[in-house]
Amino acid sequence: MSAFRKLKALALGQNTDVDLTSVQLAAADIPISDAPCRACADPCDVGHDEYPKFDVDMETEMLGSVKPYARQIVISTGKSDWVREVTDAKGTLAAYVNELSSSGRPPKDKDPSKRPKDGGAHGSHVVGVFDSSNLAKNRRVTILNGSHRTVSADHATDSVLVFPDYRLVTEVARTHDGAEQLWTHAVSPSLELYEVPAGSTPVRSWIIPYSCVILLCSHKRRDNRCAIAAPKLEHALTLSLERQGWEVHTQVDDSTMHEPSLEDLPGTADEKHAALRQQLQGVDAGNAEHKRALILYCSHIGGHKYAGNVIINTPRGVSVWYGRVTPHEVDAIVRETIIGGRILPSLLRGGMNLCHPGRKTLNDW
């Protein structure tokens with residue numbers, strides 16, 4: 001199988017050279033790390049968890065395997081596995097939002113030569129890397145279910161994480177009207193990144209009170225490899241982050257929701273925007289006195305052949321998509337990407353807002 005994939009990659013002209021990938025990323029002003037992804041020996045000599053044997057595509061080019069998207073939402077379900085297609089589950093928020101999202105998507109171009117191949121950021125031509133300078137360009141909203149429980153005052157409603165805006169939206173009813181309110185208030189690609197929400201709606205929103213949110217695909221009904229990888233990655237990430245002095249949660253802390261919501265920020269539009277930005281910078285790892293990470297399981301994100309799949313979201317609007325991650329790479333991910341703000345090229349599938357001209361790390365504002 002691996003020999004076939006290697007031949008296929010060569011036939012398609014895919015780049016499987018990490019050095020070439022590093023040059024490509026650096027040319028696009030994406031901060032990269034030259035540190036090794038794996039610090040332990042092979043076989044491991046430090047006791048990392050091991051996956052049971054399952055087939056992972058280690059041969060074909062992984063960079064570019066993320067489809068274009070404008071925003072990503074993660075809906076509270078309190079579960080770690082779901083029906084195969086979460087947007088097909090009738091009566092769920094995922095299904096209602098998908099109706100709205102699908103109605104606004106541009107028609108698919110069947111000719112691959114006419115499909116957009118770049119994220120458009122700062123002259124970047126890195127396939128699979130996108131930016132938020134024009135959210136309406138990509139339009140697609142990816143809809144995920146998450147393992148977090150609702151923190152809405154009304155527990156019959158859902159709580160939704162919105163990226164790259166780094167926003168927690170609560171009181172979202174599991175109805176068509178609830179989906180409409182969420183869409184127009186926080187999700188529609190017509191909204192600018194970090195747009196201050198209006199107050200005339202039942203839903204309420206807050207900045208996510210963590211220095212990073214890590215999503216681990218655990219969707220067993222879609223692919224068992226992700227379900228096997230996710231708990232081992234959660235364990236390894238928790239240990240590694242705690243060794244660095246971080247606090248790790250697997251459920252959303254609602255203690256900050258006693259403060260005014262973003263809809264209730266006082267002042268002019270400029271003053272509200274400044275306050276929102278200040279809140280984002282306040283939870284950022286570079287500024288937060290007490291650093292906290294939220295680790296959640298999520299439904300299918302694509303690319304299960306690259307299990308384990310990890311998405312790292314930060315307050316600066318960065319989303320880093322990694323694949324082929326095992327517990328052996330976790331220390332490097334924590335040290336180099338989460339804390340250091342640099343990409344590990346050999347693990348990169350794609351992401352959002354990775355181009356950062358004139359700055360040394362993704363964590364620089």
# chains A, B, ... in the order shown; residues from 1 in each chain; ligands from 1
call {"tool": "closest_atom_pairs", "arguments": {"of": "segment 122-183 of chain A", "to": "segment 351-354 of chain A", "cutoff": "12 Å", "atoms": "only C-alpha atoms", "output": "JSON lines"}}
result
{"residue": "A:His122", "atom": "CA", "partner": "A:Asn353", "partner_atom": "CA", "distance": 10.2}
{"residue": "A:Ser124", "atom": "CA", "partner": "A:Leu354", "partner_atom": "CA", "distance": 9.8}
{"residue": "A:Val126", "atom": "CA", "partner": "A:Gly351", "partner_atom": "CA", "distance": 10.1}
{"residue": "A:Val127", "atom": "CA", "partner": "A:Gly351", "partner_atom": "CA", "distance": 9.6}
{"residue": "A:Gly128", "atom": "CA", "partner": "A:Gly351", "partner_atom": "CA", "distance": 6.5}
{"residue": "A:Val129", "atom": "CA", "partner": "A:Gly351", "partner_atom": "CA", "distance": 4.9}
{"residue": "A:Phe130", "atom": "CA", "partner": "A:Met352", "partner_atom": "CA", "distance": 4.8}
{"residue": "A:Asp131", "atom": "CA", "partner": "A:Asn353", "partner_atom": "CA", "distance": 4.6}
{"residue": "A:Ser132", "atom": "CA", "partner": "A:Asn353", "partner_atom": "CA", "distance": 6.6}
{"residue": "A:Ser133", "atom": "CA", "partner": "A:Asn353", "partner_atom": "CA", "distance": 8.9}
{"residue": "A:Asn134", "atom": "CA", "partner": "A:Asn353", "partner_atom": "CA", "distance": 11.4}
{"residue": "A:Leu135", "atom": "CA", "partner": "A:Met352", "partner_atom": "CA", "distance": 10.9}
{"residue": "A:Asn138", "atom": "CA", "partner": "A:Met352", "partner_atom": "CA", "distance": 11.6}
{"residue": "A:Phe163", "atom": "CA", "partner": "A:Met352", "partner_atom": "CA", "distance": 9.4}
{"residue": "A:Pro164", "atom": "CA", "partner": "A:Met352", "partner_atom": "CA", "distance": 7.5}
{"residue": "A:Asp165", "atom": "CA", "partner": "A:Met352", "partner_atom": "CA", "distance": 11.1}
call {"tool": "write_last_selection", "arguments": {"atoms": "C-alpha atoms", "output": "mmCIF file, in the first residue's frame"}}
result
data_model
loop_
_atom_site.group_PDB
_atom_site.id
_atom_site.type_symbol
_atom_site.label_atom_id
_atom_site.label_comp_id
_atom_site.auth_asym_id
_atom_site.auth_seq_id
_atom_site.Cartn_x
_atom_site.Cartn_y
_atom_site.Cartn_z
ATOM 1 C CA HIS A 122 0.233 38.595 1.295
ATOM 2 C CA SER A 124 0.992 33.540 -0.552
ATOM 3 C CA VAL A 126 0.718 27.882 -0.411
ATOM 4 C CA VAL A 127 -2.018 25.396 -1.192
ATOM 5 C CA GLY A 128 -4.255 24.790 1.808
ATOM 6 C CA VAL A 129 -3.309 28.030 3.615
ATOM 7 C CA PHE A 130 -6.006 30.718 3.748
ATOM 8 C CA ASP A 131 -6.484 34.094 5.361
ATOM 9 C CA SER A 132 -9.255 36.291 6.723
ATOM 10 C CA SER A 133 -8.630 39.395 4.650
ATOM 11 C CA ASN A 134 -11.611 38.487 2.495
ATOM 12 C CA LEU A 135 -13.811 35.920 4.219
ATOM 13 C CA ASN A 138 -13.925 31.354 0.370
ATOM 14 C CA PHE A 163 -13.012 30.284 14.537
ATOM 15 C CA PRO A 164 -10.936 32.167 13.528
ATOM 16 C CA ASP A 165 -12.858 34.838 15.499
#
call {"tool": "select_by_dssp", "arguments": {"residues": "segment 215-351 of chain A", "states": "alpha helix (DSSP H)", "output": "count of residues only"}}
result
38
call {"tool": "closest_atom_pairs", "arguments": {"of": "segment 52-99 of chain A", "to": "segment 332-349 of chain A", "cutoff": "6 Å", "atoms": "only C-alpha atoms", "output": "JSON lines"}}
result
{"residue": "A:Met62", "atom": "CA", "partner": "A:Arg349", "partner_atom": "CA", "distance": 5.2}
{"residue": "A:Leu63", "atom": "CA", "partner": "A:Arg349", "partner_atom": "CA", "distance": 4.2}
{"residue": "A:Gly64", "atom": "CA", "partner": "A:Arg349", "partner_atom": "CA", "distance": 5.8}
{"residue": "A:Ser65", "atom": "CA", "partner": "A:Arg349", "partner_atom": "CA", "distance": 5.6}
call {"tool": "write_last_selection", "arguments": {"atoms": "C-alpha atoms", "output": "compact mmCIF listing (two decimals), in the first residue's frame"}}
result
# COMPACT_ATOMS: atom_id res chain seq x y z
CA MET A 62 -0.18 16.34 3.03
CA LEU A 63 0.17 20.12 2.64
CA GLY A 64 -2.86 21.33 0.72
CA SER A 65 -5.26 18.69 2.05
call {"tool": "residues_around", "arguments": {"residues": "Ala179 of chain A", "least_positions_apart": "5", "cutoff": "10 Å", "atoms": "only C-alpha atoms", "output": "ChimeraX atom specification"}}
result
/A:92-100,172-174,184-185,187
call {"tool": "write_last_selection", "arguments": {"atoms": "all heavy atoms", "output": "JSON list (two decimals), in the first residue's frame"}}
result
[["chain", "number", "residue", "atom", "x", "y", "z"],
["A", 92, "THR", "N", -30.96, 18.86, 14.41],
["A", 92, "THR", "CA", -29.77, 19.33, 15.13],
["A", 92, "THR", "C", -29.34, 20.69, 14.60],
["A", 92, "THR", "O", -29.66, 21.06, 13.46],
["A", 92, "THR", "CB", -28.60, 18.35, 14.97],
["A", 92, "THR", "OG1", -28.21, 18.31, 13.59],
["A", 92, "THR", "CG2", -28.99, 16.95, 15.44],
["A", 93, "LEU", "N", -28.59, 21.40, 15.42],
["A", 93, "LEU", "CA", -28.09, 22.71, 15.00],
["A", 93, "LEU", "C", -27.17, 22.56, 13.79],
["A", 93, "LEU", "O", -27.18, 23.40, 12.89],
["A", 93, "LEU", "CB", -27.37, 23.39, 16.15],
["A", 93, "LEU", "CG", -26.91, 24.83, 15.90],
["A", 93, "LEU", "CD1", -28.08, 25.73, 15.54],
["A", 93, "LEU", "CD2", -26.17, 25.38, 17.12],
["A", 94, "ALA", "N", -26.38, 21.48, 13.77],
["A", 94, "ALA", "CA", -25.49, 21.26, 12.63],
["A", 94, "ALA", "C", -26.27, 21.19, 11.32],
["A", 94, "ALA", "O", -25.85, 21.75, 10.30],
["A", 94, "ALA", "CB", -24.68, 19.98, 12.84],
["A", 95, "ALA", "N", -27.40, 20.51, 11.33],
["A", 95, "ALA", "CA", -28.21, 20.38, 10.12],
["A", 95, "ALA", "C", -28.82, 21.72, 9.71],
["A", 95, "ALA", "O", -28.83, 22.08, 8.53],
["A", 95, "ALA", "CB", -29.31, 19.34, 10.34],
["A", 96, "TYR", "N", -29.31, 22.47, 10.70],
["A", 96, "TYR", "CA", -29.92, 23.76, 10.38],
["A", 96, "TYR", "C", -28.89, 24.75, 9.84],
["A", 96, "TYR", "O", -29.17, 25.48, 8.89],
["A", 96, "TYR", "CB", -30.60, 24.33, 11.62],
["A", 96, "TYR", "CG", -31.84, 23.59, 12.06],
["A", 96, "TYR", "CD1", -31.96, 23.09, 13.36],
["A", 96, "TYR", "CD2", -32.90, 23.37, 11.17],
["A", 96, "TYR", "CE1", -33.09, 22.40, 13.77],
["A", 96, "TYR", "CE2", -34.03, 22.68, 11.57],
["A", 96, "TYR", "CZ", -34.13, 22.20, 12.87],
["A", 96, "TYR", "OH", -35.25, 21.52, 13.27],
["A", 97, "VAL", "N", -27.70, 24.78, 10.44],
["A", 97, "VAL", "CA", -26.66, 25.70, 9.96],
["A", 97, "VAL", "C", -26.21, 25.29, 8.56],
["A", 97, "VAL", "O", -25.95, 26.13, 7.70],
["A", 97, "VAL", "CB", -25.47, 25.74, 10.92],
["A", 97, "VAL", "CG1", -24.33, 26.59, 10.34],
["A", 97, "VAL", "CG2", -25.88, 26.31, 12.28],
["A", 98, "ASN", "N", -26.15, 23.98, 8.32],
["A", 98, "ASN", "CA", -25.72, 23.51, 7.01],
["A", 98, "ASN", "C", -26.68, 23.96, 5.91],
["A", 98, "ASN", "O", -26.25, 24.27, 4.80],
["A", 98, "ASN", "CB", -25.62, 21.98, 7.01],
["A", 98, "ASN", "CG", -25.04, 21.44, 5.73],
["A", 98, "ASN", "OD1", -23.93, 21.80, 5.33],
["A", 98, "ASN", "ND2", -25.80, 20.59, 5.05],
["A", 99, "GLU", "N", -27.98, 24.01, 6.23],
["A", 99, "GLU", "CA", -28.95, 24.50, 5.25],
["A", 99, "GLU", "C", -28.62, 25.93, 4.85],
["A", 99, "GLU", "O", -28.64, 26.29, 3.66],
["A", 99, "GLU", "CB", -30.36, 24.44, 5.83],
["A", 99, "GLU", "CG", -30.91, 23.04, 6.01],
["A", 99, "GLU", "CD", -32.29, 23.05, 6.66],
["A", 99, "GLU", "OE1", -32.89, 24.15, 6.77],
["A", 99, "GLU", "OE2", -32.76, 21.98, 7.08],
["A", 100, "LEU", "N", -28.29, 26.75, 5.84],
["A", 100, "LEU", "CA", -27.97, 28.15, 5.56],
["A", 100, "LEU", "C", -26.65, 28.27, 4.81],
["A", 100, "LEU", "O", -26.51, 29.04, 3.86],
["A", 100, "LEU", "CB", -27.89, 28.95, 6.86],
["A", 100, "LEU", "CG", -29.18, 29.03, 7.68],
["A", 100, "LEU", "CD1", -28.90, 29.64, 9.05],
["A", 100, "LEU", "CD2", -30.21, 29.85, 6.94],
["A", 172, "VAL", "N", -27.93, 29.42, 21.72],
["A", 172, "VAL", "CA", -28.29, 29.16, 20.33],
["A", 172, "VAL", "C", -29.30, 28.02, 20.30],
["A", 172, "VAL", "O", -28.97, 26.86, 20.60],
["A", 172, "VAL", "CB", -27.06, 28.79, 19.49],
["A", 172, "VAL", "CG1", -27.47, 28.63, 18.02],
["A", 172, "VAL", "CG2", -25.97, 29.84, 19.64],
["A", 173, "ALA", "N", -30.52, 28.33, 19.96],
["A", 173, "ALA", "CA", -31.60, 27.33, 19.94],
["A", 173, "ALA", "C", -31.37, 26.32, 18.83],
["A", 173, "ALA", "O", -30.86, 26.66, 17.76],
["A", 173, "ALA", "CB", -32.94, 28.01, 19.76],
["A", 174, "ARG", "N", -31.75, 25.06, 19.08],
["A", 174, "ARG", "CA", -31.61, 24.01, 18.08],
["A", 174, "ARG", "C", -32.81, 24.03, 17.13],
["A", 174, "ARG", "O", -33.57, 23.06, 17.02],
["A", 174, "ARG", "CB", -31.48, 22.65, 18.75],
["A", 174, "ARG", "CG", -30.25, 22.54, 19.63],
["A", 174, "ARG", "CD", -30.19, 21.24, 20.39],
["A", 174, "ARG", "NE", -29.26, 21.36, 21.53],
["A", 174, "ARG", "CZ", -29.53, 20.97, 22.75],
["A", 174, "ARG", "NH1", -30.72, 20.44, 23.02],
["A", 174, "ARG", "NH2", -28.63, 21.12, 23.70],
["A", 184, "THR", "N", -26.31, 35.00, 11.18],
["A", 184, "THR", "CA", -26.25, 36.43, 10.92],
["A", 184, "THR", "C", -25.43, 37.17, 11.98],
["A", 184, "THR", "O", -24.87, 38.23, 11.72],
["A", 184, "THR", "CB", -27.67, 37.03, 10.87],
["A", 184, "THR", "OG1", -28.34, 36.76, 12.11],
["A", 184, "THR", "CG2", -28.47, 36.43, 9.74],
["A", 185, "HIS", "N", -25.32, 36.58, 13.17],
["A", 185, "HIS", "CA", -24.67, 37.23, 14.30],
["A", 185, "HIS", "C", -23.17, 36.98, 14.33],
["A", 185, "HIS", "O", -22.39, 37.85, 14.73],
["A", 185, "HIS", "CB", -25.30, 36.71, 15.60],
["A", 185, "HIS", "CG", -24.97, 37.51, 16.81],
["A", 185, "HIS", "ND1", -25.43, 38.78, 17.02],
["A", 185, "HIS", "CD2", -24.21, 37.20, 17.90],
["A", 185, "HIS", "CE1", -24.98, 39.22, 18.18],
["A", 185, "HIS", "NE2", -24.24, 38.29, 18.73],
["A", 187, "VAL", "N", -21.40, 34.00, 12.16],
["A", 187, "VAL", "CA", -20.83, 32.98, 11.29],
["A", 187, "VAL", "C", -20.78, 33.38, 9.81],
["A", 187, "VAL", "O", -19.85, 32.99, 9.10],
["A", 187, "VAL", "CB", -21.62, 31.65, 11.43],
["A", 187, "VAL", "CG1", -21.12, 30.60, 10.46],
["A", 187, "VAL", "CG2", -21.52, 31.14, 12.86]]
call {"tool": "closest_residue", "arguments": {"among": "A:Glu271, A:Glu329, A:Asp55, A:Asp223", "to": "Val83 of chain A", "atoms": "only C-alpha atoms"}}
result
A:Asp223
call {"tool": "closest_residue", "arguments": {"among": "A:Ser147, A:Ser102, A:Gln244, A:Ser299", "to": "Thr77 of chain A", "atoms": "only C-alpha atoms"}}
result
A:Ser147
call {"tool": "closest_atom_pairs", "arguments": {"of": "segment 181-228 of chain A", "to": "segment 303-324 of chain A", "cutoff": "7 Å", "atoms": "only C-alpha atoms", "output": "JSON lines"}}
result
{"residue": "A:Ser211", "atom": "CA", "partner": "A:Thr314", "partner_atom": "CA", "distance": 6.4}
{"residue": "A:Cys212", "atom": "CA", "partner": "A:Thr314", "partner_atom": "CA", "distance": 4.7}
{"residue": "A:Val213", "atom": "CA", "partner": "A:Asn313", "partner_atom": "CA", "distance": 5.1}
{"residue": "A:Ile214", "atom": "CA", "partner": "A:Ile312", "partner_atom": "CA", "distance": 4.6}
{"residue": "A:Leu215", "atom": "CA", "partner": "A:Ile311", "partner_atom": "CA", "distance": 5.0}
{"residue": "A:Leu216", "atom": "CA", "partner": "A:Val310", "partner_atom": "CA", "distance": 5.0}
{"residue": "A:Cys217", "atom": "CA", "partner": "A:Asn309", "partner_atom": "CA", "distance": 5.8}
{"residue": "A:Asp223", "atom": "CA", "partner": "A:His304", "partner_atom": "CA", "distance": 6.6}
{"residue": "A:Arg225", "atom": "CA", "partner": "A:Ala307", "partner_atom": "CA", "distance": 6.2}
{"residue": "A:Cys226", "atom": "CA", "partner": "A:Ala307", "partner_atom": "CA", "distance": 5.6}
call {"tool": "residues_around", "arguments": {"residues": "Thr238 of chain A", "least_positions_apart": "3", "cutoff": "12 Å", "atoms": "only C-alpha atoms", "output": "JSON, numbers by chain"}}
result
{"A": [214, 231, 232, 233, 234, 235, 241, 242, 243, 244, 245, 246, 247, 248, 249, 250, 292, 293, 294, 295, 296, 327, 330, 331, 334]}
call {"tool": "residues_around", "arguments": {"residues": "Gly199 of chain A", "least_positions_apart": "6", "cutoff": "10 Å", "atoms": "only C-alpha atoms", "output": "ChimeraX atom specification"}}
result
/A:185,205,261-265
call {"tool": "write_last_selection", "arguments": {"atoms": "N, CA, C and O atoms", "output": "mmCIF file, in the first residue's frame"}}
result
data_model
loop_
_atom_site.group_PDB
_atom_site.id
_atom_site.type_symbol
_atom_site.label_atom_id
_atom_site.label_comp_id
_atom_site.auth_asym_id
_atom_site.auth_seq_id
_atom_site.Cartn_x
_atom_site.Cartn_y
_atom_site.Cartn_z
ATOM 1 N N HIS A 185 -25.322 36.580 13.167
ATOM 2 C CA HIS A 185 -24.667 37.234 14.297
ATOM 3 C C HIS A 185 -23.166 36.979 14.332
ATOM 4 O O HIS A 185 -22.393 37.853 14.725
ATOM 5 N N SER A 205 -22.315 36.372 23.163
ATOM 6 C CA SER A 205 -20.990 35.867 22.822
ATOM 7 C C SER A 205 -19.910 36.450 23.717
ATOM 8 O O SER A 205 -20.041 37.568 24.247
ATOM 9 N N SER A 261 -21.213 40.490 28.150
ATOM 10 C CA SER A 261 -20.959 39.840 26.866
ATOM 11 C C SER A 261 -20.453 40.877 25.868
ATOM 12 O O SER A 261 -20.502 42.085 26.115
ATOM 13 N N LEU A 262 -19.964 40.397 24.722
ATOM 14 C CA LEU A 262 -19.477 41.322 23.698
ATOM 15 C C LEU A 262 -20.591 42.231 23.195
ATOM 16 O O LEU A 262 -20.343 43.374 22.800
ATOM 17 N N GLU A 263 -21.821 41.729 23.233
ATOM 18 C CA GLU A 263 -22.958 42.548 22.795
ATOM 19 C C GLU A 263 -23.211 43.720 23.734
ATOM 20 O O GLU A 263 -23.801 44.727 23.332
ATOM 21 N N ASP A 264 -22.770 43.591 24.972
ATOM 22 C CA ASP A 264 -23.050 44.615 25.977
ATOM 23 C C ASP A 264 -21.848 45.511 26.263
ATOM 24 O O ASP A 264 -21.850 46.261 27.247
ATOM 25 N N LEU A 265 -20.817 45.442 25.421
ATOM 26 C CA LEU A 265 -19.671 46.325 25.623
ATOM 27 C C LEU A 265 -20.108 47.781 25.475
ATOM 28 O O LEU A 265 -20.838 48.132 24.544
#
call {"tool": "atom_distance", "arguments": {"atom1": "atom CA of Arg38 of chain A", "atom2": "atom CA of Ala227 of chain A"}}
result
22.2 Å
call {"tool": "atom_distance", "arguments": {"atom1": "atom CA of Asp29 of chain A", "atom2": "atom CA of Ala136 of chain A"}}
result
23.0 Å
call {"tool": "residues_around", "arguments": {"residues": "segment 256-259 of chain A", "least_positions_apart": "5", "cutoff": "10 Å", "atoms": "only C-alpha atoms", "output": "ChimeraX atom specification"}}
result
/A:151-153,168,170,204-209,264-265
call {"tool": "closest_residue", "arguments": {"among": "A:Thr361, A:Ser80, A:Ser33, A:Thr201", "to": "Val169 of chain A", "atoms": "only C-alpha atoms"}}
result
A:Thr201
call {"tool": "atom_distance", "arguments": {"atom1": "atom CA of Pro357 of chain A", "atom2": "atom CA of Gln279 of chain A"}}
result
23.5 Å
call {"tool": "closest_residue", "arguments": {"among": "A:Asp49, A:Trp183, A:Asp253, A:Pro68", "to": "Pro197 of chain A", "atoms": "only C-alpha atoms"}}
result
A:Trp183
